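Student: Dropping in protein_5.csv, with CSV, C-alpha atoms.
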chain,number,residue,atom,x,y,z
A,1,MET,CA,-17.5,-36.8,-36.7
A,2,SER,CA,-18.8,-38.7,-39.7
A,3,LEU,CA,-19.7,-42.3,-39.0
A,4,ILE,CA,-18.7,-45.1,-41.4
A,5,PHE,CA,-20.2,-48.6,-40.7
A,6,LYS,CA,-19.9,-51.9,-42.5
A,7,ALA,CA,-21.1,-55.3,-41.1
A,8,HIS,CA,-22.3,-58.7,-42.0
A,9,HIS,CA,-25.6,-60.1,-40.5
A,10,LEU,CA,-24.9,-63.5,-39.1
A,11,VAL,CA,-28.5,-64.6,-39.4
A,12,SER,CA,-29.8,-63.1,-42.6
A,13,LYS,CA,-26.4,-63.3,-44.3
A,14,VAL,CA,-26.7,-59.8,-45.8
A,15,ASP,CA,-24.1,-57.0,-45.8
A,16,ILE,CA,-25.0,-53.6,-44.4
A,17,GLU,CA,-23.0,-50.5,-44.9
A,18,PHE,CA,-23.5,-46.7,-44.8
A,19,ALA,CA,-21.8,-43.4,-44.1
A,20,LEU,CA,-23.5,-40.7,-42.0
A,21,PRO,CA,-22.5,-37.0,-41.8
A,22,ASP,CA,-21.9,-35.6,-38.4
A,23,GLN,CA,-24.2,-33.0,-36.7
A,24,THR,CA,-27.2,-34.6,-38.2
A,25,CYS,CA,-30.0,-36.9,-37.1
A,26,THR,CA,-30.5,-40.1,-39.0
A,27,VAL,CA,-33.7,-41.9,-38.3
A,28,VAL,CA,-33.8,-45.7,-38.7
A,29,PHE,CA,-37.2,-46.9,-39.6
A,30,GLY,CA,-38.8,-50.3,-40.2
A,31,PRO,CA,-41.1,-53.0,-38.8
A,32,SER,CA,-40.3,-55.0,-35.7
A,33,GLY,CA,-37.5,-57.5,-36.3
A,34,SER,CA,-36.0,-55.6,-39.2
A,35,GLY,CA,-32.7,-55.1,-37.4
A,36,LYS,CA,-32.9,-51.6,-36.0
A,37,THR,CA,-31.9,-52.4,-32.4
A,38,SER,CA,-29.2,-54.8,-33.6
A,39,LEU,CA,-27.7,-52.0,-35.6
A,40,LEU,CA,-27.5,-49.6,-32.6
A,41,ARG,CA,-26.1,-52.2,-30.3
A,42,ALA,CA,-23.4,-53.1,-32.8
A,43,ILE,CA,-22.3,-49.4,-33.0
A,44,ALA,CA,-22.3,-49.2,-29.2
A,45,GLY,CA,-20.2,-52.3,-28.9
A,46,LEU,CA,-22.8,-54.5,-27.3
A,47,SER,CA,-23.9,-58.1,-28.3
A,48,SER,CA,-25.6,-58.1,-31.7
A,49,PRO,CA,-26.1,-60.5,-34.7
A,50,LEU,CA,-24.1,-58.0,-36.8
A,51,ALA,CA,-20.4,-58.8,-37.2
A,52,VAL,CA,-18.8,-55.4,-37.6
A,53,THR,CA,-16.0,-55.1,-40.1
A,54,THR,CA,-15.7,-51.3,-40.2
A,55,LEU,CA,-16.7,-48.7,-37.6
A,56,ALA,CA,-14.9,-45.4,-37.9
A,57,LEU,CA,-15.6,-42.0,-36.6
A,58,ASN,CA,-13.8,-39.2,-38.5
A,59,GLU,CA,-11.6,-41.9,-40.1
A,60,VAL,CA,-10.6,-43.3,-36.7
A,61,ASP,CA,-11.3,-47.0,-36.2
A,62,ILE,CA,-13.2,-47.6,-33.0
A,63,SER,CA,-14.5,-51.1,-33.8
A,64,GLN,CA,-12.1,-52.7,-31.3
A,65,LEU,CA,-12.8,-50.4,-28.4
A,66,PRO,CA,-14.9,-51.7,-25.5
A,67,PRO,CA,-18.3,-50.1,-25.1
A,68,HIS,CA,-17.3,-47.8,-22.2
A,69,ARG,CA,-14.4,-46.3,-24.3
A,70,ARG,CA,-16.5,-45.6,-27.5
A,71,PRO,CA,-17.6,-42.0,-28.1
A,72,THR,CA,-21.2,-43.2,-28.2
A,73,VAL,CA,-24.1,-43.4,-25.7
A,74,LEU,CA,-27.0,-45.8,-26.2
A,75,SER,CA,-30.4,-45.1,-24.6
A,76,ALA,CA,-33.0,-47.8,-25.2
A,77,GLN,CA,-36.7,-48.4,-24.5
A,78,ASN,CA,-35.6,-50.0,-21.2
A,79,ALA,CA,-34.4,-46.9,-19.2
A,80,ALA,CA,-31.8,-49.0,-17.3
A,81,LEU,CA,-31.4,-46.5,-14.6
A,82,PHE,CA,-29.1,-47.3,-11.6
A,83,PRO,CA,-31.6,-48.5,-9.0
A,84,HIS,CA,-29.5,-47.4,-6.0
A,85,LEU,CA,-29.1,-43.8,-7.2
A,86,THR,CA,-31.6,-41.0,-7.1
A,87,VAL,CA,-32.7,-39.4,-10.4
A,88,GLN,CA,-30.3,-36.5,-9.8
A,89,GLN,CA,-27.5,-38.9,-9.2
A,90,ASN,CA,-28.3,-40.8,-12.3
A,91,LEU,CA,-28.2,-37.6,-14.3
A,92,VAL,CA,-24.8,-36.6,-12.7
A,93,TYR,CA,-23.5,-40.0,-13.7
A,94,GLY,CA,-24.2,-39.2,-17.3
A,95,LEU,CA,-22.6,-35.8,-16.8
A,96,ASN,CA,-19.4,-37.3,-15.5
A,97,ARG,CA,-19.3,-40.3,-17.9
A,98,ARG,CA,-17.9,-38.2,-20.8
A,99,GLU,CA,-16.9,-34.6,-21.2
A,100,GLY,CA,-20.3,-33.4,-20.2
A,101,ARG,CA,-21.0,-29.7,-19.4
A,102,ALA,CA,-22.4,-28.9,-15.9
A,103,SER,CA,-24.2,-25.9,-17.4
A,104,ASP,CA,-26.4,-28.3,-19.4
A,105,LEU,CA,-27.9,-29.9,-16.3
A,106,ASN,CA,-30.6,-27.3,-15.6
A,107,PRO,CA,-31.7,-26.7,-19.2
A,108,ILE,CA,-32.1,-30.5,-19.8
A,109,VAL,CA,-34.0,-31.0,-16.6
A,110,GLU,CA,-36.4,-28.2,-17.5
A,111,GLY,CA,-36.7,-29.2,-21.1
A,112,LEU,CA,-37.6,-32.8,-20.2
A,113,GLY,CA,-39.9,-31.8,-17.4
A,114,ILE,CA,-38.1,-33.8,-14.7
A,115,ALA,CA,-37.3,-31.2,-12.1
A,116,ALA,CA,-39.9,-32.6,-9.7
A,117,LEU,CA,-38.3,-36.1,-10.0
A,118,LEU,CA,-34.7,-35.3,-8.9
A,119,ALA,CA,-35.0,-36.6,-5.3
A,120,ARG,CA,-36.9,-39.8,-6.3
A,121,MET,CA,-35.6,-43.3,-6.7
A,122,PRO,CA,-36.0,-45.1,-10.1
A,123,SER,CA,-38.3,-47.7,-8.5
A,124,SER,CA,-40.9,-44.9,-7.9
A,125,LEU,CA,-41.0,-43.7,-11.4
A,126,SER,CA,-43.5,-44.5,-14.1
A,127,GLY,CA,-42.2,-45.9,-17.4
A,128,GLY,CA,-42.5,-42.5,-19.1
A,129,GLU,CA,-40.8,-40.7,-16.3
A,130,ALA,CA,-37.9,-43.2,-16.3
A,131,GLN,CA,-37.5,-42.8,-20.1
A,132,ARG,CA,-37.3,-39.0,-19.7
A,133,VAL,CA,-34.6,-39.4,-17.1
A,134,ALA,CA,-32.7,-41.9,-19.2
A,135,LEU,CA,-32.8,-39.5,-22.2
A,136,GLY,CA,-31.6,-36.7,-19.9
A,137,ARG,CA,-28.7,-38.9,-18.7
A,138,ALA,CA,-27.7,-39.7,-22.3
A,139,LEU,CA,-27.8,-36.0,-23.4
A,140,LEU,CA,-25.7,-35.0,-20.4
A,141,ALA,CA,-23.0,-37.5,-21.4
A,142,ASN,CA,-22.5,-35.3,-24.5
A,143,PRO,CA,-21.3,-38.2,-26.8
A,144,ALA,CA,-19.9,-37.8,-30.3
A,145,TRP,CA,-22.9,-39.9,-31.4
A,146,LEU,CA,-26.1,-40.3,-29.5
A,147,LEU,CA,-27.9,-43.7,-30.2
A,148,LEU,CA,-31.6,-43.6,-29.3
A,149,ASP,CA,-33.7,-46.8,-29.5
A,150,GLU,CA,-37.4,-45.9,-29.3
A,151,PRO,CA,-36.7,-43.7,-26.3
A,152,LEU,CA,-40.3,-42.3,-26.0
A,153,THR,CA,-42.4,-45.4,-26.2
A,154,ASN,CA,-44.0,-45.1,-22.8
A,155,LEU,CA,-45.0,-41.4,-23.2
A,156,ASP,CA,-48.4,-40.2,-24.3
A,157,GLN,CA,-48.7,-38.3,-27.6
A,158,ASN,CA,-48.7,-34.8,-26.1
A,159,ALA,CA,-45.6,-35.6,-24.1
A,160,ARG,CA,-43.9,-37.2,-27.1
A,161,ARG,CA,-44.5,-34.1,-29.2
A,162,HIS,CA,-43.0,-31.9,-26.5
A,163,ILE,CA,-39.9,-34.1,-26.0
A,164,VAL,CA,-39.4,-34.4,-29.7
A,165,LYS,CA,-39.5,-30.6,-30.1
A,166,PHE,CA,-37.0,-30.2,-27.3
A,167,LEU,CA,-34.7,-32.9,-28.6
A,168,ASN,CA,-34.7,-31.4,-32.0
A,169,HIS,CA,-33.9,-27.9,-30.7
A,170,TRP,CA,-31.2,-29.3,-28.4
A,171,ARG,CA,-29.6,-31.4,-31.1
A,172,LYS,CA,-29.4,-28.4,-33.5
A,173,GLN,CA,-28.2,-25.9,-30.9
A,174,ASN,CA,-25.4,-28.3,-29.7
A,175,ARG,CA,-24.6,-29.7,-33.1
A,176,MET,CA,-25.2,-33.2,-32.0
A,177,SER,CA,-25.0,-36.3,-34.1
A,178,VAL,CA,-27.9,-38.7,-33.5
A,179,LEU,CA,-29.0,-42.1,-34.7
A,180,TYR,CA,-32.7,-42.5,-33.8
A,181,VAL,CA,-34.8,-45.6,-34.0
A,182,THR,CA,-38.6,-45.2,-34.1
A,183,HIS,CA,-41.8,-46.8,-35.4
A,184,ASP,CA,-43.5,-43.4,-35.5
A,185,ILE,CA,-43.6,-41.6,-38.8
A,186,PRO,CA,-44.4,-38.1,-37.6
A,187,GLU,CA,-41.7,-38.5,-35.0
A,188,ALA,CA,-39.2,-39.5,-37.7
A,189,LEU,CA,-40.2,-36.7,-40.0
A,190,ALA,CA,-39.9,-34.2,-37.1
A,191,LEU,CA,-36.3,-35.2,-36.3
A,192,ALA,CA,-34.7,-36.6,-39.4
A,193,ASN,CA,-32.1,-35.0,-41.7
A,194,GLN,CA,-32.0,-38.4,-43.5
A,195,VAL,CA,-33.9,-41.6,-43.1
A,196,MET,CA,-32.8,-45.3,-43.4
A,197,THR,CA,-35.4,-48.0,-43.8
A,198,LEU,CA,-34.6,-51.6,-42.9
A,199,THR,CA,-36.3,-54.9,-43.7
A,200,ASP,CA,-34.8,-58.2,-42.6
A,201,GLY,CA,-31.5,-56.6,-41.7
A,202,LYS,CA,-31.2,-55.0,-45.1
A,203,ILE,CA,-31.2,-51.3,-46.0
A,204,ILE,CA,-34.1,-50.9,-48.4
A,205,LYS,CA,-34.0,-47.1,-48.8
A,206,PHE,CA,-31.6,-44.3,-47.7
A,207,GLY,CA,-32.2,-40.6,-48.3
A,208,SER,CA,-34.2,-37.5,-47.4
A,209,PRO,CA,-37.2,-37.8,-45.1
A,210,ASP,CA,-39.4,-37.7,-48.3
A,211,ILE,CA,-38.7,-41.5,-48.7
A,212,LEU,CA,-41.3,-42.0,-45.9
A,213,LEU,CA,-44.0,-40.5,-48.1
A,214,GLY,CA,-46.2,-43.4,-48.9
A,215,TYR,CA,-44.4,-45.8,-46.5
A,216,GLN,CA,-46.8,-48.1,-44.7
A,217,ASP,CA,-45.7,-50.2,-41.7
A,218,PRO,CA,-47.9,-53.3,-41.7
A,219,GLN,CA,-47.7,-53.3,-37.8
A,220,GLN,CA,-49.1,-49.8,-37.5
A,221,GLU,CA,-52.5,-48.2,-38.2
A,222,LEU,CA,-53.1,-47.6,-41.9
A,223,SER,CA,-52.3,-44.0,-42.7
A,224,SER,CA,-50.8,-41.7,-45.4
A,225,VAL,CA,-47.9,-39.4,-45.1
A,226,LEU,CA,-48.1,-36.3,-47.2
A,227,SER,CA,-46.0,-33.2,-47.9
A,228,ALA,CA,-47.5,-29.7,-47.7
A,229,HIS,CA,-46.3,-26.1,-47.5
A,230,LEU,CA,-47.4,-23.3,-45.3
A,231,SER,CA,-49.5,-20.7,-47.1
A,232,ARG,CA,-50.5,-18.4,-44.2
A,233,HIS,CA,-51.7,-18.1,-40.6
A,234,HIS,CA,-55.3,-17.3,-39.6
A,235,LYS,CA,-54.7,-15.5,-36.3
A,236,ASP,CA,-58.4,-14.9,-35.6
A,237,ASP,CA,-59.1,-18.6,-35.1
A,238,ASN,CA,-55.5,-20.0,-34.5
A,239,LEU,CA,-55.4,-22.0,-37.7
A,240,SER,CA,-52.7,-22.4,-40.2
A,241,GLU,CA,-53.5,-22.8,-43.9
A,242,LEU,CA,-51.3,-25.3,-45.8
A,243,LEU,CA,-51.2,-26.0,-49.6
A,244,ILE,CA,-51.0,-29.6,-50.7
A,245,GLU,CA,-51.1,-30.3,-54.4
A,246,GLY,CA,-53.1,-27.1,-55.0
A,247,ASN,CA,-55.6,-27.8,-52.2
A,248,ARG,CA,-56.1,-25.9,-49.0
A,249,LEU,CA,-55.7,-27.6,-45.7
A,250,LEU,CA,-56.5,-26.0,-42.4
A,251,ILE,CA,-54.8,-27.3,-39.2
A,252,PRO,CA,-54.2,-26.0,-35.7
A,253,GLU,CA,-51.7,-23.1,-35.9
A,254,VAL,CA,-48.0,-24.1,-36.3
A,255,SER,CA,-45.1,-22.1,-35.1
A,256,THR,CA,-43.1,-21.9,-38.4
A,257,LEU,CA,-43.2,-18.9,-40.7
A,258,ASP,CA,-41.1,-20.6,-43.4
A,259,THR,CA,-43.2,-21.1,-46.6
A,260,THR,CA,-40.4,-22.9,-48.5
A,261,GLN,CA,-39.8,-25.9,-46.3
A,262,PRO,CA,-42.1,-28.9,-46.5
A,263,LEU,CA,-44.4,-29.8,-43.6
A,264,TYR,CA,-45.2,-33.4,-43.2
A,265,LEU,CA,-48.7,-34.6,-42.4
A,266,GLN,CA,-49.8,-38.1,-41.2
A,267,ILE,CA,-53.5,-38.8,-41.9
A,268,ALA,CA,-55.1,-42.0,-40.6
A,269,ALA,CA,-57.1,-43.8,-43.3
A,270,LYS,CA,-60.0,-44.2,-40.9
A,271,ASP,CA,-60.2,-40.3,-40.7
A,272,VAL,CA,-60.8,-40.0,-44.4
A,273,SER,CA,-64.4,-40.2,-45.8
A,274,LEU,CA,-65.5,-39.9,-49.4
A,275,ALA,CA,-68.2,-38.0,-51.2
A,276,LEU,CA,-69.2,-38.0,-54.9
A,277,GLU,CA,-69.9,-34.2,-54.9
A,278,ARG,CA,-68.3,-31.4,-53.0
A,279,PRO,CA,-70.1,-31.3,-49.6
A,280,GLU,CA,-71.8,-28.1,-48.6
A,281,ARG,CA,-72.6,-26.7,-45.2
A,282,THR,CA,-70.3,-29.3,-43.4
A,283,SER,CA,-68.3,-28.9,-40.2
A,284,ILE,CA,-65.4,-30.7,-41.8
A,285,LEU,CA,-63.0,-28.0,-43.0
A,286,ASN,CA,-60.7,-30.0,-45.2
A,287,LEU,CA,-62.1,-31.2,-48.5
A,288,LEU,CA,-59.6,-32.5,-51.1
A,289,ARG,CA,-60.4,-33.3,-54.7
A,290,CYS,CA,-58.9,-36.6,-55.6
A,291,THR,CA,-59.0,-39.4,-58.2
A,292,ILE,CA,-59.5,-43.1,-57.2
A,293,ALA,CA,-56.3,-45.0,-58.1
A,294,SER,CA,-57.3,-48.4,-56.6
A,295,ILE,CA,-60.0,-50.1,-54.5
A,296,ASP,CA,-59.1,-53.0,-52.3
A,297,THR,CA,-62.1,-54.9,-50.9
A,298,SER,CA,-60.2,-57.9,-49.6
A,299,GLY,CA,-60.9,-57.0,-46.0
A,300,ARG,CA,-63.7,-58.8,-44.2
A,301,THR,CA,-65.9,-55.7,-44.0
A,302,GLY,CA,-63.7,-52.8,-44.9
A,303,ALA,CA,-62.3,-51.4,-48.1
A,304,THR,CA,-59.1,-49.5,-48.6
A,305,ILE,CA,-59.3,-46.8,-51.3
A,306,THR,CA,-56.0,-45.3,-52.7
A,307,LEU,CA,-56.6,-41.8,-53.9
A,308,ASN,CA,-54.3,-39.8,-56.3
A,309,LEU,CA,-53.8,-36.3,-54.9
A,310,GLY,CA,-51.7,-34.7,-57.5
A,311,SER,CA,-48.3,-36.5,-57.3
A,312,GLN,CA,-49.1,-37.9,-53.9
A,313,GLN,CA,-51.4,-40.6,-52.6
A,314,LEU,CA,-54.0,-40.5,-49.8
A,315,LEU,CA,-55.6,-43.6,-48.2
A,316,ALA,CA,-59.2,-43.9,-47.1
A,317,LYS,CA,-60.7,-46.8,-45.1
A,318,ILE,CA,-64.4,-47.2,-45.6
A,319,THR,CA,-66.9,-50.0,-45.6
A,320,ARG,CA,-67.5,-52.3,-48.5
A,321,ARG,CA,-71.1,-51.3,-48.4
A,322,SER,CA,-70.1,-47.7,-49.0
A,323,VAL,CA,-68.1,-48.8,-52.1
A,324,ARG,CA,-71.2,-50.5,-53.5
A,325,GLU,CA,-73.7,-47.8,-52.6
A,326,LEU,CA,-71.6,-45.0,-54.0
A,327,ASP,CA,-70.7,-47.2,-57.0
A,328,LEU,CA,-67.0,-46.2,-56.6
A,329,ARG,CA,-64.7,-47.0,-59.6
A,330,VAL,CA,-61.1,-46.6,-60.4
A,331,GLY,CA,-60.5,-43.3,-62.3
A,332,GLN,CA,-63.5,-41.6,-60.7
A,333,GLU,CA,-63.2,-38.1,-59.2
A,334,VAL,CA,-64.3,-37.9,-55.5
A,335,TRP,CA,-64.0,-35.5,-52.6
A,336,ALA,CA,-62.0,-36.7,-49.6
A,337,GLN,CA,-63.1,-35.3,-46.3
A,338,ILE,CA,-60.3,-35.1,-43.8
A,339,LYS,CA,-61.4,-35.4,-40.2
A,340,GLY,CA,-58.1,-35.5,-38.4
A,341,VAL,CA,-54.5,-34.6,-39.2
A,342,SER,CA,-51.3,-35.3,-37.2
A,343,LEU,CA,-48.6,-32.7,-38.1
A,344,GLN,CA,-44.9,-32.7,-37.3
A,345,THR,CA,-42.6,-29.9,-38.5
Show how you would write the structure in this file as structure tokens.

Tutor:
Amino acid sequence: MSLIFKAHHLVSKVDIEFALPDQTCTVVFGPSGSGKTSLLRAIAGLSSPLAVTTLALNEVDISQLPPHRRPTVLSAQNAALFPHLTVQQNLVYGLNRREGRASDLNPIVEGLGIAALLARMPSSLSGGEAQRVALGRALLANPAWLLLDEPLTNLDQNARRHIVKFLNHWRKQNRMSVLYVTHDIPEALALANQVMTLTDGKIIKFGSPDILLGYQDPQQELSSVLSAHLSRHHKDDNLSELLIEGNRLLIPEVSTLDTTQPLYLQIAAKDVSLALERPERTSILNLLRCTIASIDTSGRTGATITLNLGSQQLLAKITRRSVRELDLRVGQEVWAQIKGVSLQT
């Protein structure tokens, strides 16, 4: 079902409207306080500073339906499990809430890694375990639209990557429609068919995941998001070779064989160092030839260097002393040494 939404923000006084295709994942991105949670709560029929004027699924108005009758399920940061029910009973509640399929129970339990938790009570779960159970309950409800508000905040990075991979597979296999709020750029790029960025309750950008290239959340660690393509796999040392603006980049082996679709990389600025000449005999495998676009030395001790890498930009965080000693200048060619890369496909 396509989703059409129009509302007026009672605080910021701005209008917000969009139409989303069904069987896709739309990621809502933006800094804290930008209105992401308010948007999901308005669609779910819960209290929100958004006054909804139009909410239609497949041209059927659902704006006047109470929350429990809407074909939506909201799963938020707070797992909100029923404290008097076991994990399994919480999951079965989700299964029975809508037209859930009993055959989905075991695959979801296994995919989310919660089989060992089934007999436990919510009070005995860690924050990450509770979030996994809440996500499982939401998936089992099999709603027309699944609304996920930062559902993985309490999980470590390895667990998040595993769950994101499972969720992406499950969504595509079951042709689910998902609206997903996150602060995490690689998470967004891994899941999104389209991205909506919000600021102060207003839609700033809406389009393909590429709109996140160059996006910088002031509340997150300074980093760059770049687009690359698979070149080949090196099976002898479990590395994959990517091409980014004509440069080679080696990363831990990825599962894809598709050389046509973009792979998105997030590179922390602190993991980028600079050299005036191409380093020789170094353990750092990734060396990219760039041109300095700007130098920001307004920080107390650090400097942010913006580098042109073909049509894309890479950020480096170095000391102001390094800027002086290397005599760095705008327009100068340098070699960027990449020490760490976070990849989502």

Student: Using only C-alpha atoms, which protein or nucleic acid residues come within 7 Å of Ser227 (chain A)? Drop anything in the same chain fewer than 5 positions from it, and give the result as a count of residues only.

Tutor: 5

Student: Against region 304-311 of chain A, which residues of region 189-252 of chain A fall within 12 Å? For each one I want the closest pair of atoms and the distance in Å (one decimal), counting only C-alpha atoms, rows by chain and increasing residue number, as a Markdown table.

Tutor:
| residue | atom | partner | partner_atom | distance |
| --- | --- | --- | --- | --- |
| A:Leu213 | CA | A:Ser311 | CA | 10.9 |
| A:Gly214 | CA | A:Thr306 | CA | 10.7 |
| A:Leu222 | CA | A:Thr304 | CA | 9.2 |
| A:Ser223 | CA | A:Thr304 | CA | 10.5 |
| A:Ser224 | CA | A:Thr306 | CA | 9.7 |
| A:Val225 | CA | A:Leu309 | CA | 11.9 |
| A:Leu226 | CA | A:Leu309 | CA | 9.6 |
| A:Ser227 | CA | A:Ser311 | CA | 10.2 |
| A:Ala228 | CA | A:Leu309 | CA | 11.6 |
| A:Leu243 | CA | A:Gly310 | CA | 11.8 |
| A:Ile244 | CA | A:Leu309 | CA | 8.4 |
| A:Glu245 | CA | A:Gly310 | CA | 5.4 |
| A:Gly246 | CA | A:Gly310 | CA | 8.1 |
| A:Asn247 | CA | A:Leu309 | CA | 9.1 |

Student: Would you mind exporting C-alpha atoms of the selected residues as a PDB file, in the frame of the given file?

Tutor:
ATOM      1  CA  LEU A 213     -44.000 -40.500 -48.100  1.00  0.00           C
ATOM      2  CA  GLY A 214     -46.200 -43.400 -48.900  1.00  0.00           C
ATOM      3  CA  LEU A 222     -53.100 -47.600 -41.900  1.00  0.00           C
ATOM      4  CA  SER A 223     -52.300 -44.000 -42.700  1.00  0.00           C
ATOM      5  CA  SER A 224     -50.800 -41.700 -45.400  1.00  0.00           C
ATOM      6  CA  VAL A 225     -47.900 -39.400 -45.100  1.00  0.00           C
ATOM      7  CA  LEU A 226     -48.100 -36.300 -47.200  1.00  0.00           C
ATOM      8  CA  SER A 227     -46.000 -33.200 -47.900  1.00  0.00           C
ATOM      9  CA  ALA A 228     -47.500 -29.700 -47.700  1.00  0.00           C
ATOM     10  CA  LEU A 243     -51.200 -26.000 -49.600  1.00  0.00           C
ATOM     11  CA  ILE A 244     -51.000 -29.600 -50.700  1.00  0.00           C
ATOM     12  CA  GLU A 245     -51.100 -30.300 -54.400  1.00  0.00           C
ATOM     13  CA  GLY A 246     -53.100 -27.100 -55.000  1.00  0.00           C
ATOM     14  CA  ASN A 247     -55.600 -27.800 -52.200  1.00  0.00           C
TER      15      ASN A 247
END

Student: Between CA of Ile108 (chain A) and CA of Asn90 (chain A), what is the distance, to one decimal in Å?

Tutor: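 Atom-to-atom, CA of Ile108 (chain A) to CA of Asn90 (chain A), that is 13.3 Å.
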
Student: Between CA of Glu17 (chain A) and CA of Ser38 (chain A), measure the distance and give it in Å to one decimal.

Tutor: 13.6 Å

Student: Here is a test: counting all atoms listed in the file, which residue of A:Pro107, A:Pro143, A:Pro279, A:Pro21 is nearest to Pro71 (chain A)?

Tutor: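 So, comparing all the options, the nearest one is A:Pro143.
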
Student: Using only C-alpha atoms, which of A:Gly94, A:Pro209, A:Gly45, A:Gly136 sits nearest Pro67 (chain A)?

Tutor: A:Gly45

Student: Show me the residues around (-41.4, -37.6, -42.2) - criterion: an atom at most 10 Å away, all atoms listed in the file counted - as an mmCIF file with C-alpha atoms, in the coordinates of the input.

Tutor:
data_model
loop_
_atom_site.group_PDB
_atom_site.id
_atom_site.type_symbol
_atom_site.label_atom_id
_atom_site.label_comp_id
_atom_site.auth_asym_id
_atom_site.auth_seq_id
_atom_site.Cartn_x
_atom_site.Cartn_y
_atom_site.Cartn_z
ATOM 1 C CA VAL A 27 -33.700 -41.900 -38.300
ATOM 2 C CA ASP A 184 -43.500 -43.400 -35.500
ATOM 3 C CA ILE A 185 -43.600 -41.600 -38.800
ATOM 4 C CA PRO A 186 -44.400 -38.100 -37.600
ATOM 5 C CA GLU A 187 -41.700 -38.500 -35.000
ATOM 6 C CA ALA A 188 -39.200 -39.500 -37.700
ATOM 7 C CA LEU A 189 -40.200 -36.700 -40.000
ATOM 8 C CA ALA A 190 -39.900 -34.200 -37.100
ATOM 9 C CA LEU A 191 -36.300 -35.200 -36.300
ATOM 10 C CA ALA A 192 -34.700 -36.600 -39.400
ATOM 11 C CA ASN A 193 -32.100 -35.000 -41.700
ATOM 12 C CA GLN A 194 -32.000 -38.400 -43.500
ATOM 13 C CA VAL A 195 -33.900 -41.600 -43.100
ATOM 14 C CA SER A 208 -34.200 -37.500 -47.400
ATOM 15 C CA PRO A 209 -37.200 -37.800 -45.100
ATOM 16 C CA ASP A 210 -39.400 -37.700 -48.300
ATOM 17 C CA ILE A 211 -38.700 -41.500 -48.700
ATOM 18 C CA LEU A 212 -41.300 -42.000 -45.900
ATOM 19 C CA LEU A 213 -44.000 -40.500 -48.100
ATOM 20 C CA TYR A 215 -44.400 -45.800 -46.500
ATOM 21 C CA VAL A 225 -47.900 -39.400 -45.100
ATOM 22 C CA LEU A 226 -48.100 -36.300 -47.200
ATOM 23 C CA SER A 227 -46.000 -33.200 -47.900
ATOM 24 C CA PRO A 262 -42.100 -28.900 -46.500
ATOM 25 C CA LEU A 263 -44.400 -29.800 -43.600
ATOM 26 C CA TYR A 264 -45.200 -33.400 -43.200
ATOM 27 C CA LEU A 265 -48.700 -34.600 -42.400
ATOM 28 C CA GLN A 266 -49.800 -38.100 -41.200
ATOM 29 C CA LEU A 343 -48.600 -32.700 -38.100
ATOM 30 C CA GLN A 344 -44.900 -32.700 -37.300
ATOM 31 C CA THR A 345 -42.600 -29.900 -38.500
#

Student: Within 10 Å of Ala303 (chain A), counting only C-alpha atoms, which residues qualify if same-chain residues fewer than 6 places away don't, as a PDB file with C-alpha atoms, in the frame of the given file?

Tutor:
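Written output follows (selection.pdb):
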ATOM      1  CA  ILE A 295     -60.000 -50.100 -54.500  1.00  0.00           C
ATOM      2  CA  ASP A 296     -59.100 -53.000 -52.300  1.00  0.00           C
ATOM      3  CA  THR A 297     -62.100 -54.900 -50.900  1.00  0.00           C
ATOM      4  CA  ALA A 316     -59.200 -43.900 -47.100  1.00  0.00           C
ATOM      5  CA  LYS A 317     -60.700 -46.800 -45.100  1.00  0.00           C
ATOM      6  CA  ILE A 318     -64.400 -47.200 -45.600  1.00  0.00           C
ATOM      7  CA  THR A 319     -66.900 -50.000 -45.600  1.00  0.00           C
ATOM      8  CA  ARG A 320     -67.500 -52.300 -48.500  1.00  0.00           C
ATOM      9  CA  ARG A 321     -71.100 -51.300 -48.400  1.00  0.00           C
ATOM     10  CA  SER A 322     -70.100 -47.700 -49.000  1.00  0.00           C
ATOM     11  CA  VAL A 323     -68.100 -48.800 -52.100  1.00  0.00           C
TER      12      VAL A 323
END

Student: Here's a test: counting all atoms listed in the file, identify every protein, DNA and RNA residue with an atom at most 7 Å from (-18.0, -54.4, -41.0) in the file's coordinate frame, and state them as a VMD selection string.

Tutor: chain A and resid 5 to 8 51 to 55

Student: For a quick check of understanding, using all atoms listed in the file, which of A:Arg300, A:Arg289, A:Arg324, A:His162 has the smallest distance to Ile338 (chain A)?

Tutor: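 Going through A:Arg300, A:Arg289, A:Arg324, A:His162 one by one, the smallest distance to Ile338 (chain A) is for A:Arg289.
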
Student: Give me, as a PyMOL selection string, all polymer residues having an atom no more than 10 Å from Asn174 (chain A), counting all atoms listed in the file and skipping those fewer than 4 positions away in the same chain.

Tutor: chain A and resi 23+142+169-170

Student: Which residues are close to Leu198 (chain A), i.e. within 7 Å by all atoms listed in the file, leaving aside same-chain residues fewer than 5 positions away? Reply as a PyMOL selection string.

Tutor: chain A and resi 29-30+34-35+203-204

Student: Report as number ranges by chain all protein, DNA and RNA residues lying within 8 Å of Ala19 (chain A), evaluated on all atoms listed in the file, omitting residues in the same chain fewer than 6 positions from it.

Tutor: A: 2-5

Student: Mind giving me the straight-line distance from CA of Leu250 (chain A) to CA of Cys290 (chain A) in Å, one decimal?

Tutor: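 Between CA of Leu250 (chain A) and CA of Cys290 (chain A) the gap works out to 17.1 Å.
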
Student: Nearest to Val272 (chain A) among A:Asn238, A:Gln88, A:Asn286, A:Asn158, with distances taken over all atoms listed in the file: which residue is it?

Tutor: A:Asn286

Student: Give the answer as one residue: which of A:Ala268, A:Val14, A:Met196, A:Leu242 has the shortest atom-to-atom distance to Glu221 (chain A), using only C-alpha atoms?

Tutor: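 Of A:Ala268, A:Val14, A:Met196, A:Leu242, the one nearest Glu221 (chain A), counting only C-alpha atoms, is A:Ala268.
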